[in-house]
>>> print(open('work.tsv').read())   # TSV, C-alpha atoms
chain	number	residue	atom	x	y	z
A	5	MET	CA	4.09	16.33	7.18
A	6	ASP	CA	3.53	20.06	7.60
A	7	PRO	CA	1.94	21.18	10.89
A	8	GLY	CA	-1.81	21.60	10.61
A	9	ARG	CA	-2.12	19.91	7.23
A	10	PRO	CA	-4.60	17.01	6.95
A	11	VAL	CA	-3.20	13.53	6.43
A	12	ARG	CA	-2.98	12.39	2.82
A	13	ILE	CA	-3.79	8.73	2.21
A	14	LEU	CA	-2.92	6.80	-0.94
A	15	HIS	CA	-5.45	3.95	-1.09
A	16	LEU	CA	-4.63	1.03	-3.41
A	17	ASP	CA	-6.74	-2.04	-4.18
A	18	ALA	CA	-5.24	-4.99	-6.06
A	19	SER	CA	-7.99	-7.59	-6.04
A	20	GLY	CA	-9.31	-8.97	-9.31
A	21	ARG	CA	-12.77	-9.07	-7.72
A	22	PRO	CA	-14.60	-5.79	-8.31
A	23	GLY	CA	-16.91	-5.45	-5.30
A	24	LEU	CA	-16.95	-5.57	-1.52
A	25	ARG	CA	-17.69	-8.98	-0.02
A	26	ALA	CA	-20.31	-9.16	2.70
A	27	MET	CA	-19.67	-10.95	5.98
A	28	CYS	CA	-21.96	-13.76	4.84
A	29	PRO	CA	-23.12	-15.82	3.04
A	30	HIS	CA	-19.79	-17.26	2.01
A	31	GLY	CA	-19.27	-17.17	-1.73
A	32	GLN	CA	-21.05	-13.88	-2.38
A	33	HIS	CA	-19.31	-12.09	-5.23
A	34	GLY	CA	-16.85	-9.51	-3.98
A	35	SER	CA	-13.50	-8.98	-2.31
A	36	TYR	CA	-12.48	-9.35	1.32
A	37	SER	CA	-9.32	-7.30	0.82
A	38	ARG	CA	-11.32	-4.44	-0.71
A	39	ARG	CA	-13.67	-4.56	2.24
A	40	LEU	CA	-10.79	-4.39	4.72
A	41	SER	CA	-9.02	-1.51	2.98
A	42	ARG	CA	-12.27	0.45	2.62
A	43	HIS	CA	-13.10	-0.11	6.29
A	44	PHE	CA	-9.66	1.12	7.40
A	45	VAL	CA	-9.95	4.31	5.34
A	46	ASP	CA	-13.53	4.87	6.55
A	47	CYS	CA	-12.40	4.48	10.19
A	48	TRP	CA	-9.70	7.09	9.60
A	49	LEU	CA	-12.05	9.52	7.87
A	50	ASP	CA	-14.67	9.13	10.60
A	51	ALA	CA	-12.07	10.30	13.12
A	52	TRP	CA	-10.32	12.84	10.87
A	53	PRO	CA	-12.71	13.84	8.06
A	54	GLU	CA	-10.37	16.56	6.77
A	55	SER	CA	-7.92	13.90	5.60
A	56	GLU	CA	-7.44	13.59	1.84
A	57	VAL	CA	-7.62	10.29	-0.06
A	58	GLU	CA	-6.22	9.44	-3.49
A	59	TYR	CA	-7.64	6.14	-4.73
A	60	ARG	CA	-6.07	3.90	-7.35
A	61	ASP	CA	-7.76	0.62	-8.32
A	62	LEU	CA	-4.86	-1.51	-9.51
A	63	GLY	CA	-7.11	-4.54	-9.98
A	64	ALA	CA	-9.50	-2.74	-12.33
A	65	ALA	CA	-6.84	-0.69	-14.13
A	66	PRO	CA	-3.47	-2.50	-13.87
A	67	PRO	CA	-0.37	-0.35	-14.41
A	68	LYS	CA	1.65	-0.89	-17.55
A	69	GLN	CA	4.37	-3.47	-17.23
A	70	VAL	CA	7.95	-2.21	-17.35
A	71	GLY	CA	9.22	-2.48	-20.93
A	72	PRO	CA	12.28	-1.57	-23.04
A	73	ARG	CA	11.37	2.11	-23.52
A	74	TRP	CA	10.66	2.53	-19.81
A	75	ILE	CA	14.01	0.96	-18.93
A	76	GLN	CA	15.86	3.19	-21.38
A	77	ALA	CA	14.11	6.31	-20.12
A	78	VAL	CA	14.82	5.51	-16.48
A	79	CYS	CA	18.34	4.11	-16.73
A	80	ASP	CA	20.07	5.78	-19.68
A	81	GLY	CA	19.76	9.43	-18.67
A	82	GLY	CA	19.75	12.34	-21.08
A	83	PRO	CA	16.83	13.88	-22.98
A	84	LEU	CA	13.83	11.62	-23.46
A	85	SER	CA	12.18	10.94	-26.79
A	86	PRO	CA	8.40	11.35	-27.13
A	87	ALA	CA	8.06	7.57	-27.00
A	88	GLN	CA	10.11	7.39	-23.80
A	89	LEU	CA	8.12	10.22	-22.22
A	90	ASP	CA	4.96	8.30	-22.98
A	91	ALA	CA	6.47	5.12	-21.54
A	92	VAL	CA	7.19	6.73	-18.16
A	93	ALA	CA	4.16	9.05	-17.92
A	94	GLU	CA	2.04	6.65	-15.87
A	95	SER	CA	5.03	5.70	-13.74
A	96	ASP	CA	5.79	9.34	-12.99
A	97	LEU	CA	2.17	9.89	-11.95
A	98	MET	CA	2.29	6.95	-9.53
A	99	VAL	CA	5.56	8.21	-8.05
A	100	ASP	CA	4.01	11.67	-7.64
A	101	GLU	CA	1.10	10.07	-5.76
A	102	LEU	CA	3.55	8.30	-3.46
A	103	PHE	CA	5.47	11.50	-2.69
A	104	TRP	CA	2.14	13.32	-2.13
A	105	ALA	CA	0.95	10.80	0.46
A	106	ASP	CA	1.62	10.51	4.18
A	107	MET	CA	0.33	6.95	4.39
A	108	VAL	CA	-0.41	4.09	2.00
A	109	VAL	CA	-3.26	1.63	2.51
A	110	ILE	CA	-3.07	-1.49	0.33
A	111	GLY	CA	-5.88	-4.00	-0.04
A	112	THR	CA	-4.62	-7.14	-1.75
A	113	PRO	CA	-5.33	-10.85	-2.00
A	114	LEU	CA	-2.64	-13.49	-1.76
A	115	TYR	CA	-2.36	-14.99	-5.25
A	116	ASP	CA	-0.14	-18.04	-5.76
A	117	LEU	CA	1.60	-17.36	-2.44
A	118	THR	CA	2.59	-13.83	-3.45
A	119	MET	CA	1.13	-10.52	-4.65
A	120	PRO	CA	-1.10	-10.03	-7.71
A	121	SER	CA	0.69	-9.02	-10.90
A	122	CYS	CA	-0.97	-5.58	-10.83
A	123	LEU	CA	0.56	-4.81	-7.42
A	124	LYS	CA	3.94	-6.07	-8.62
A	125	ALA	CA	3.62	-3.77	-11.64
A	126	TRP	CA	2.89	-0.81	-9.32
A	127	LEU	CA	6.02	-1.61	-7.30
A	128	ALA	CA	8.12	-1.85	-10.45
A	129	ASN	CA	6.86	1.56	-11.54
A	130	VAL	CA	7.51	3.37	-8.25
A	131	VAL	CA	10.84	1.77	-7.30
A	132	HIS	CA	13.25	3.06	-9.91
A	133	GLN	CA	16.53	4.84	-10.30
A	134	SER	CA	15.57	8.26	-11.54
A	135	ARG	CA	12.88	9.13	-8.96
A	136	THR	CA	12.95	7.07	-5.75
A	137	VAL	CA	16.20	5.09	-5.66
A	138	PRO	CA	19.49	6.94	-4.94
A	139	ASP	CA	21.78	7.35	-7.93
A	140	ASP	CA	25.55	7.60	-7.95
A	141	ALA	CA	25.54	11.35	-8.46
A	142	GLU	CA	25.78	13.83	-5.61
A	143	ASN	CA	22.04	14.38	-5.50
A	144	ALA	CA	19.74	14.43	-2.50
A	145	ASP	CA	18.71	10.97	-1.34
A	146	PRO	CA	15.04	10.59	-2.39
A	147	ARG	CA	14.48	8.03	0.38
A	148	ARG	CA	14.55	10.85	2.94
A	149	ALA	CA	11.07	11.83	1.73
A	150	PHE	CA	9.77	8.67	3.41
A	151	CYS	CA	12.20	7.55	6.11
A	152	GLU	CA	12.41	10.90	7.94
A	153	ARG	CA	8.69	11.40	8.57
A	154	PHE	CA	5.42	9.71	9.45
A	155	PHE	CA	4.91	7.29	6.55
A	156	PRO	CA	3.27	3.97	7.47
A	157	VAL	CA	2.11	1.42	4.92
A	158	VAL	CA	-0.89	-0.67	5.94
A	159	VAL	CA	-1.23	-3.96	4.06
A	160	LEU	CA	-4.66	-5.58	4.39
A	161	SER	CA	-4.78	-8.95	2.68
A	162	ALA	CA	-7.06	-11.93	2.13
A	163	ARG	CA	-5.82	-15.52	1.99
A	164	GLY	CA	-7.62	-18.65	0.94
A	165	GLY	CA	-5.51	-20.77	3.28
A	166	HIS	CA	-4.47	-20.28	6.88
A	167	GLY	CA	-1.47	-20.27	9.22
A	168	MET	CA	0.49	-17.80	7.12
A	169	ASP	CA	0.96	-15.05	9.70
A	170	GLU	CA	4.42	-14.67	11.24
A	171	GLY	CA	5.09	-17.73	13.37
A	172	GLY	CA	2.33	-19.72	11.68
A	173	GLU	CA	2.63	-23.23	10.35
A	174	PHE	CA	2.77	-22.06	6.74
A	175	ALA	CA	4.38	-18.64	7.23
A	176	HIS	CA	7.31	-19.68	5.03
A	177	LEU	CA	4.92	-19.91	2.07
A	178	ASN	CA	3.72	-16.31	2.41
A	179	ASN	CA	5.80	-14.23	0.00
A	180	LEU	CA	3.48	-11.23	-0.13
A	181	GLU	CA	4.49	-9.20	2.92
A	182	SER	CA	8.18	-10.10	2.66
A	183	SER	CA	8.30	-8.97	-0.98
A	184	LEU	CA	6.56	-5.71	-0.15
A	185	ARG	CA	8.93	-5.04	2.74
A	186	ALA	CA	11.99	-5.71	0.58
A	187	ALA	CA	10.86	-3.57	-2.35
A	188	LEU	CA	9.57	-0.64	-0.31
A	189	GLY	CA	12.62	-0.80	1.93
A	190	ARG	CA	14.75	0.09	-1.09
A	191	ILE	CA	13.11	3.50	-1.20
A	192	GLY	CA	13.21	4.14	2.54
A	193	ILE	CA	9.72	2.93	3.49
A	194	THR	CA	10.23	0.65	6.47
A	195	GLU	CA	7.11	1.00	8.63
A	196	ILE	CA	4.78	-1.68	7.28
A	197	HIS	CA	1.79	-3.09	9.16
A	198	ALA	CA	0.21	-6.28	7.83
A	199	ILE	CA	-3.19	-7.70	8.80
A	200	ALA	CA	-4.91	-10.56	6.97
A	201	VAL	CA	-8.17	-12.44	6.88
A	202	GLU	CA	-7.68	-16.18	6.29
A	203	HIS	CA	-9.87	-19.21	5.45
A	204	THR	CA	-11.55	-17.37	2.57
A	205	ALA	CA	-11.52	-20.52	0.41
A	206	GLU	CA	-13.29	-22.78	2.92
A	207	GLY	CA	-15.62	-20.27	4.57
A	208	GLY	CA	-17.59	-21.29	7.63
A	209	GLN	CA	-16.93	-20.37	11.23
A	210	ALA	CA	-13.16	-20.27	10.74
A	211	LEU	CA	-13.57	-17.51	8.15
A	212	LEU	CA	-15.99	-15.53	10.29
A	213	GLN	CA	-13.65	-15.67	13.28
A	214	SER	CA	-10.66	-14.67	11.16
A	215	LEU	CA	-12.56	-11.78	9.59
A	216	ALA	CA	-13.77	-10.51	12.95
A	217	SER	CA	-10.23	-10.69	14.32
A	218	ALA	CA	-8.80	-8.87	11.29
A	219	ILE	CA	-11.37	-6.09	11.57
A	220	SER	CA	-10.72	-5.68	15.30
A	221	ARG	CA	-6.94	-5.51	14.81
A	222	MET	CA	-7.36	-3.13	11.90
A	223	GLU	CA	-9.53	-0.76	13.91
A	224	SER	CA	-6.99	-0.80	16.75
A	225	LEU	CA	-4.18	-0.07	14.29
A	226	ALA	CA	-6.10	2.82	12.74
A	227	ALA	CA	-6.71	4.31	16.19
A	228	ALA	CA	-3.05	3.93	17.19
A	229	LEU	CA	-1.74	5.51	13.98
A	230	LEU	CA	-4.27	8.30	14.23
A	231	GLU	CA	-3.26	9.10	17.80
A	232	ARG	CA	0.42	9.05	16.89
A	233	CYS	CA	-0.10	11.29	13.89
A	234	GLN	CA	-2.18	13.82	15.82
A	235	ARG	CA	0.37	13.85	18.64
A	236	ASP	CA	3.12	14.49	16.09
A	237	GLN	CA	1.09	17.30	14.55
A	238	GLN	CA	0.57	18.92	17.95
A	239	ARG	CA	4.28	18.68	18.73
A	240	LYS	CA	5.23	20.31	15.43
A	241	THR	CA	2.65	23.04	15.93
A	242	THR	CA	4.14	23.79	19.36
A	243	VAL	CA	7.67	23.92	17.97
A	244	HIS	CA	6.68	25.89	14.84
A	245	PRO	CA	3.61	27.96	15.82
>>> encode(input="work.tsv", output="structure tokens")
Amino acid sequence: MDPGRPVRILHLDASGRPGLRAMCPHGQHGSYSRRLSRHFVDCWLDAWPESEVEYRDLGAAPPKQVGPRWIQAVCDGGPLSPAQLDAVAESDLMVDELFWADMVVIGTPLYDLTMPSCLKAWLANVVHQSRTVPDDAENADPRRAFCERFFPVVVLSARGGHGMDEGGEFAHLNNLESSLRAALGRIGITEIHAIAVEHTAEGGQALLQSLASAISRMESLAAALLERCQRDQQRKTTVHP
């Protein structure tokens, strides 16, 4: 990140629910994961209002699934046909957004013990050979765009069950964070912070306690990342006045 430039945040939401869920009553239409991701971004902007945010609602507008023309365009090399250019246009835009950003904030539910299909489609579109994965040619490694600078990914999720955090009774059933870490690791993104609210299916006091804990941890994470980023900016400004 260039000295003095505001932080750029790519904010993604993957929930199939369209609105923000209130603290109570339980069952009100809306999304806990959207609420968490919005709150994180709002906390950041309150502290650093000059920061820029690019928002993509994957749940409302799912990316196209990878298909034959996309695969040919990405893997075969050579000039692209109009049909192939159309097939990769959305993918190229999402990759451009990723390169533009300094941080990614993802709000997502846990669906069937893993990520929603729209988030999987986003991953498939941004993790590919011609833009973000190193090829066999003597070209610059695109992963350096992420691994050699401040580039955290904050995953804020909602789970109907419980005990799925690391070390929990049912942690082995949680395939969301592990899949994200594996896929993003392929393109050099290794700093991933995951915070979840649990008990969303049952509600009650367990949900309220989990939500309060998630919000508290999320606010602490935002403050820590903000301090680190500002300290890094100051250091770079001192070195390159």
>>> closest_residue(input="work.tsv", among="A:Pro10, A:Ala91, A:Asp46, A:Ser37", to="A:Ala227", atoms="all atoms listed in the file")
A:Asp46
>>> residues_around(input="work.tsv", residues="A:Ala125", least_positions_apart="4", cutoff="10 Å", atoms="only C-alpha atoms", output="ChimeraX atom specification")
/A:62,66-70,95,120-121,129-130
>>> atom_distance(input="work.tsv", atom1="atom CA of A:Pro72", atom2="atom CA of A:Asp100")
21.9 Å
>>> atom_distance(input="work.tsv", atom1="atom CA of A:Gln238", atom2="atom CA of A:His43")
26.2 Å
>>> residues_around(input="work.tsv", residues="A:Pro113", least_positions_apart="6", cutoff="10 Å", atoms="only C-alpha atoms", output="CSV table (one decimal) with C-alpha atoms, in the coordinates of the input")
chain,number,residue,atom,x,y,z
A,17,ASP,CA,-6.7,-2.0,-4.2
A,18,ALA,CA,-5.2,-5.0,-6.1
A,19,SER,CA,-8.0,-7.6,-6.0
A,20,GLY,CA,-9.3,-9.0,-9.3
A,21,ARG,CA,-12.8,-9.1,-7.7
A,35,SER,CA,-13.5,-9.0,-2.3
A,36,TYR,CA,-12.5,-9.4,1.3
A,37,SER,CA,-9.3,-7.3,0.8
A,38,ARG,CA,-11.3,-4.4,-0.7
A,119,MET,CA,1.1,-10.5,-4.6
A,120,PRO,CA,-1.1,-10.0,-7.7
A,160,LEU,CA,-4.7,-5.6,4.4
A,161,SER,CA,-4.8,-9.0,2.7
A,162,ALA,CA,-7.1,-11.9,2.1
A,163,ARG,CA,-5.8,-15.5,2.0
A,164,GLY,CA,-7.6,-18.6,0.9
A,180,LEU,CA,3.5,-11.2,-0.1
A,200,ALA,CA,-4.9,-10.6,7.0
A,201,VAL,CA,-8.2,-12.4,6.9
>>> build_atoms(input="work.tsv", residues="stretch 116-127 of chain A", atoms="N, CA and C atoms", output="mmCIF file, in the coordinates of the input")
data_model
loop_
_atom_site.group_PDB
_atom_site.id
_atom_site.type_symbol
_atom_site.label_atom_id
_atom_site.label_comp_id
_atom_site.auth_asym_id
_atom_site.auth_seq_id
_atom_site.Cartn_x
_atom_site.Cartn_y
_atom_site.Cartn_z
ATOM 1 N N ASP A 116 -1.278 -17.145 -5.509
ATOM 2 C CA ASP A 116 -0.140 -18.040 -5.760
ATOM 3 C C ASP A 116 1.008 -17.765 -4.792
ATOM 4 N N LEU A 117 0.657 -17.557 -3.536
ATOM 5 C CA LEU A 117 1.600 -17.360 -2.440
ATOM 6 C C LEU A 117 2.361 -16.041 -2.504
ATOM 7 N N THR A 118 1.919 -15.129 -3.355
ATOM 8 C CA THR A 118 2.590 -13.830 -3.450
ATOM 9 C C THR A 118 1.568 -12.762 -3.828
ATOM 10 N N MET A 119 2.026 -11.624 -4.327
ATOM 11 C CA MET A 119 1.130 -10.520 -4.650
ATOM 12 C C MET A 119 0.577 -10.663 -6.058
ATOM 13 N N PRO A 120 -0.573 -10.056 -6.343
ATOM 14 C CA PRO A 120 -1.100 -10.030 -7.710
ATOM 15 C C PRO A 120 -0.143 -9.300 -8.649
ATOM 16 N N SER A 121 -0.220 -9.628 -9.924
ATOM 17 C CA SER A 121 0.690 -9.020 -10.900
ATOM 18 C C SER A 121 0.488 -7.506 -10.986
ATOM 19 N N CYS A 122 -0.737 -7.026 -10.753
ATOM 20 C CA CYS A 122 -0.970 -5.580 -10.830
ATOM 21 C C CYS A 122 -0.257 -4.835 -9.712
ATOM 22 N N LEU A 123 -0.169 -5.438 -8.525
ATOM 23 C CA LEU A 123 0.560 -4.810 -7.420
ATOM 24 C C LEU A 123 2.056 -4.865 -7.675
ATOM 25 N N LYS A 124 2.522 -5.965 -8.245
ATOM 26 C CA LYS A 124 3.940 -6.070 -8.620
ATOM 27 C C LYS A 124 4.284 -5.012 -9.666
ATOM 28 N N ALA A 125 3.379 -4.788 -10.618
ATOM 29 C CA ALA A 125 3.620 -3.770 -11.640
ATOM 30 C C ALA A 125 3.687 -2.376 -11.008
ATOM 31 N N TRP A 126 2.831 -2.110 -10.012
ATOM 32 C CA TRP A 126 2.890 -0.810 -9.320
ATOM 33 C C TRP A 126 4.243 -0.640 -8.641
ATOM 34 N N LEU A 127 4.709 -1.680 -7.952
ATOM 35 C CA LEU A 127 6.020 -1.610 -7.300
ATOM 36 C C LEU A 127 7.120 -1.334 -8.312
#
